[in-house]
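Note sheet for the following structure.
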Amino acid sequence: MHNGRDTSEDTPEVIEQDIIDQTVEVGSGCNWTGSGIEPQWDNPKSIKAYDHIDRHHGPKLKPLNFRGRAASKNQPQGQWLNAQDWVKAEQVTPKYPGCYIINFKRSIGKVHYPDGTIIENVTHAFIRRKPDGTFKSAYPVLNNATLSSLNRSDEDE
Amino acid sequence: MNKYSNFTIHLEEPNCEKYAEPPDDSLGELSHFELGLKLFCFECDRLVSIEIGQEKIKVFLDPDICMVLEDELPKKLSELSQGKPIKIEFVESVCLTLELQPFANDRISCNFKKFGYLSPNEFTLKSQNQHFQLHKTQVITELQEFLEQLMQMAINGGYITPEEKQEFLMPLLTIAPASAISS
């Protein structure tokens, strides 16, 4: 853990991907092909690039919001700790439309379960990049790697 | 015996719980229609029930259906009617992709792909697939009527204008009589 700062060994890594179209690169630094003006990629408040992420998985939401959503959907809900991390995610996610799971190799968020259980220090995020490069959704998720890493750190403590 | 599975989508009761922050376009990036659609789905949030054969899923206007609308559902329906495959994707309340592939004789093959938390502690992109055979006209009609209902509610609430609705639903003109779009 490096207090949220990236070092070379912390460089985020794609661990699963389902690329939909590899013919054109989209996203920050690429030609804007979407409608209207290009989004402000570097600004986590960009509603065009990151709307649903900020509103449904942002750091300002309260545990009660997530517990309600998790219960009504009967599915765990991820919450980012820091809005800048979804900007970072946009930068490190391959520039092709598709679904990705990114390992940030540091804590980026938590996951709320329907019964109120909260798993902290989550290191992975699910990303869905749209054909215009903006993010349809992005949120911290659990996987076996996360859990085994958490178990190890628990034992270390 | 009917060889097709039924496809239905309809609004259910309002969702009075607010699980999210309201849409905020302080950077001025969205058009009136784009922001209006988001505000409508947020402020008039409801459960939406989708049934495909024996499979029943519940999603919400905000964010699930809002995302489907933002993915240009009318354009996709037009493509489907022209025999092109389309995908309808949910990545929030459920992680599910409906891959619809039209075939001859008004038939659609539907691949119902679930991914995400297939087990409680692991989110994966690997999917569990189920296959259904749907009736193309029935699917398109059901989705058209659902779209029409949503757009009319958004107009009635003052979120979008009749002209914006007409432009958004324009692709439906290629698959249905002009009566499919009424402002």
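Letters for chains follow the order of the structure tokens (A, B, ...), residue numbers begin at 1 for each chain, and ligand numbers begin at 1 in the order shown.
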
Could the residues of chain A that have an atom at most 6 Å from chain B be listed as a tab-separated table, each with its closest atom pair and the distance in Å to one decimal, counting only C-alpha atoms and ordered by chain and ascending residue number?
```
residue	atom	partner	partner_atom	distance
A:Ile47	CA	B:Asp25	CA	5.9
A:Arg55	CA	B:Glu21	CA	4.9
A:His56	CA	B:Ala20	CA	5.1
A:Asn65	CA	B:Tyr19	CA	4.7
A:Lys73	CA	B:Ser93	CA	5.6
A:Leu142	CA	B:Glu122	CA	5.3
A:Asn143	CA	B:Glu122	CA	3.9
A:Asn144	CA	B:Glu122	CA	5.9
```

Keeping only C-alpha atoms, write those residues as a compact mmCIF listing (two decimals), in the first residue's frame.
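part.txt written:
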```txt
# COMPACT_ATOMS: atom_id res chain seq x y z
CA ILE A 47 -21.36 14.19 -16.47
CA ARG A 55 -23.95 9.60 -8.92
CA HIS A 56 -24.28 5.89 -8.16
CA ASN A 65 -27.71 4.54 -0.08
CA LYS A 73 -31.01 -5.47 -6.37
CA LEU A 142 -14.48 -8.10 -5.53
CA ASN A 143 -12.73 -11.09 -6.93
CA ASN A 144 -10.76 -13.99 -5.54
```

Find the spatial neighbours of Ile119 (chain A), counting only C-alpha atoms, within a cut-off of 10 Å - ignore same-chain residues fewer than 3 positions away - and output them as a list of chain:residue names. A:Pro76, A:Gly78, A:Gly109, A:Lys110, A:Val111, A:His112, A:Tyr113, A:Gly116, A:Val122, A:Val141, A:Leu142, A:Leu147, A:Leu150

Write the residues of the selection above to a file with C-alpha atoms, as a tab-separated table (two decimals), in the first residue's frame.
```tsv
chain	number	residue	atom	x	y	z
A	76	PRO	CA	-23.14	-6.11	-3.99
A	78	GLY	CA	-19.13	-0.86	-5.24
A	109	GLY	CA	-12.93	1.52	-2.74
A	110	LYS	CA	-15.31	-0.70	-0.85
A	111	VAL	CA	-18.12	-3.09	-1.62
A	112	HIS	CA	-21.49	-2.98	0.17
A	113	TYR	CA	-23.43	-6.23	0.54
A	116	GLY	CA	-25.04	-4.39	5.39
A	122	VAL	CA	-11.04	-3.30	-2.60
A	141	VAL	CA	-15.64	-5.06	-7.45
A	142	LEU	CA	-14.48	-8.10	-5.53
A	147	LEU	CA	-10.14	-11.64	-1.09
A	150	LEU	CA	-7.24	-9.21	2.11
```

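The helix (DSSP H, G or I) portion of region 37-70 of chain A consists of Ile47, Lys48, Ala49, Tyr50, Asp51, His52, Ile53, Asp54, Arg55, His56, His57, Pro63, Leu64, Asn65, Phe66, Arg67, Gly68, Arg69 and Ala70 of chain A, with states taken from DSSP on the backbone.
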
Selection: 6 Å around Ile50 (chain B), only C-alpha atoms, excl. self and same-chain fewer than 6 positions, as a ChimeraX atom specification: /B:8-9,56-57

Picked from chain A by DSSP as strand (DSSP E), as a PyMOL selection string: chain A and resi 13-19+77-80+98-103+109-112+118-122+124-129+135-141

When you draw a straight line from CA of Pro102 (chain B) to CA of Asp21 (chain A), how long is it in Å?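 The value is 20.9 Å.
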
From the list A:Val92, A:Ile53, A:Ala70, A:Val87, which residue is nearest Pro140 (chain A) when using only C-alpha atoms?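 For Pro140 (chain A), the nearest of the candidates is A:Ile53.
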
Closest of A:Gln91, A:Gly133, A:Tyr139, A:Ser107 to Lys48 (chain A) - atom-to-atom distances counting only C-alpha atoms: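 Nearest candidate to Lys48 (chain A) out of A:Gln91, A:Gly133, A:Tyr139, A:Ser107: A:Gly133.
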
Can you tell me how far CA of Gly27 (chain A) sits from CA of Asp51 (chain A), in Å to one decimal?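 Those two atoms sit 15.0 Å apart.
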
My list of candidates is A:Lys62, A:Arg128, A:Arg69, A:His57. Which is closest to Ala89 (chain A) when distances are computed with only C-alpha atoms?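 Looking only at the distances to Ala89 (chain A), the closest residue turns out to be A:Arg128.
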
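When only C-alpha atoms are used to compute distances to Lys113 (chain B), the closest of the residues B:Ile160, B:Leu11, B:Met170, B:Leu100 turns out to be B:Leu100.
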
Surrounding residues of Glu89 (chain B) excluding itself and chain neighbours under 5 positions, 8 Å, only C-alpha atoms, as a PyMOL selection string: chain B and resi 68+95-98

Pick out the closest residue to Thr137 (chain B) from this set: B:Pro162, B:Pro14, B:Gly53, B:Gly83. Count only C-alpha atoms.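 Ranking B:Pro162, B:Pro14, B:Gly53, B:Gly83 by distance to Thr137 (chain B), first place goes to B:Gly83.
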
Find the residues around Pro59 (chain A) up to 7 Å (only C-alpha atoms counted), leave out those fewer than 6 positions away in its own chain, and share them as a list of chain:residue names.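 With the cut-off at 7 Å, the set is A:Gln79, A:Trp80, A:Leu81, A:Asn82, A:Ala83.
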
Which residue gives the smallest distance to Lys105 (chain A) among A:Asn43, A:Ser137, A:Thr123, A:Asn31, with only C-alpha atoms counted? A:Thr123
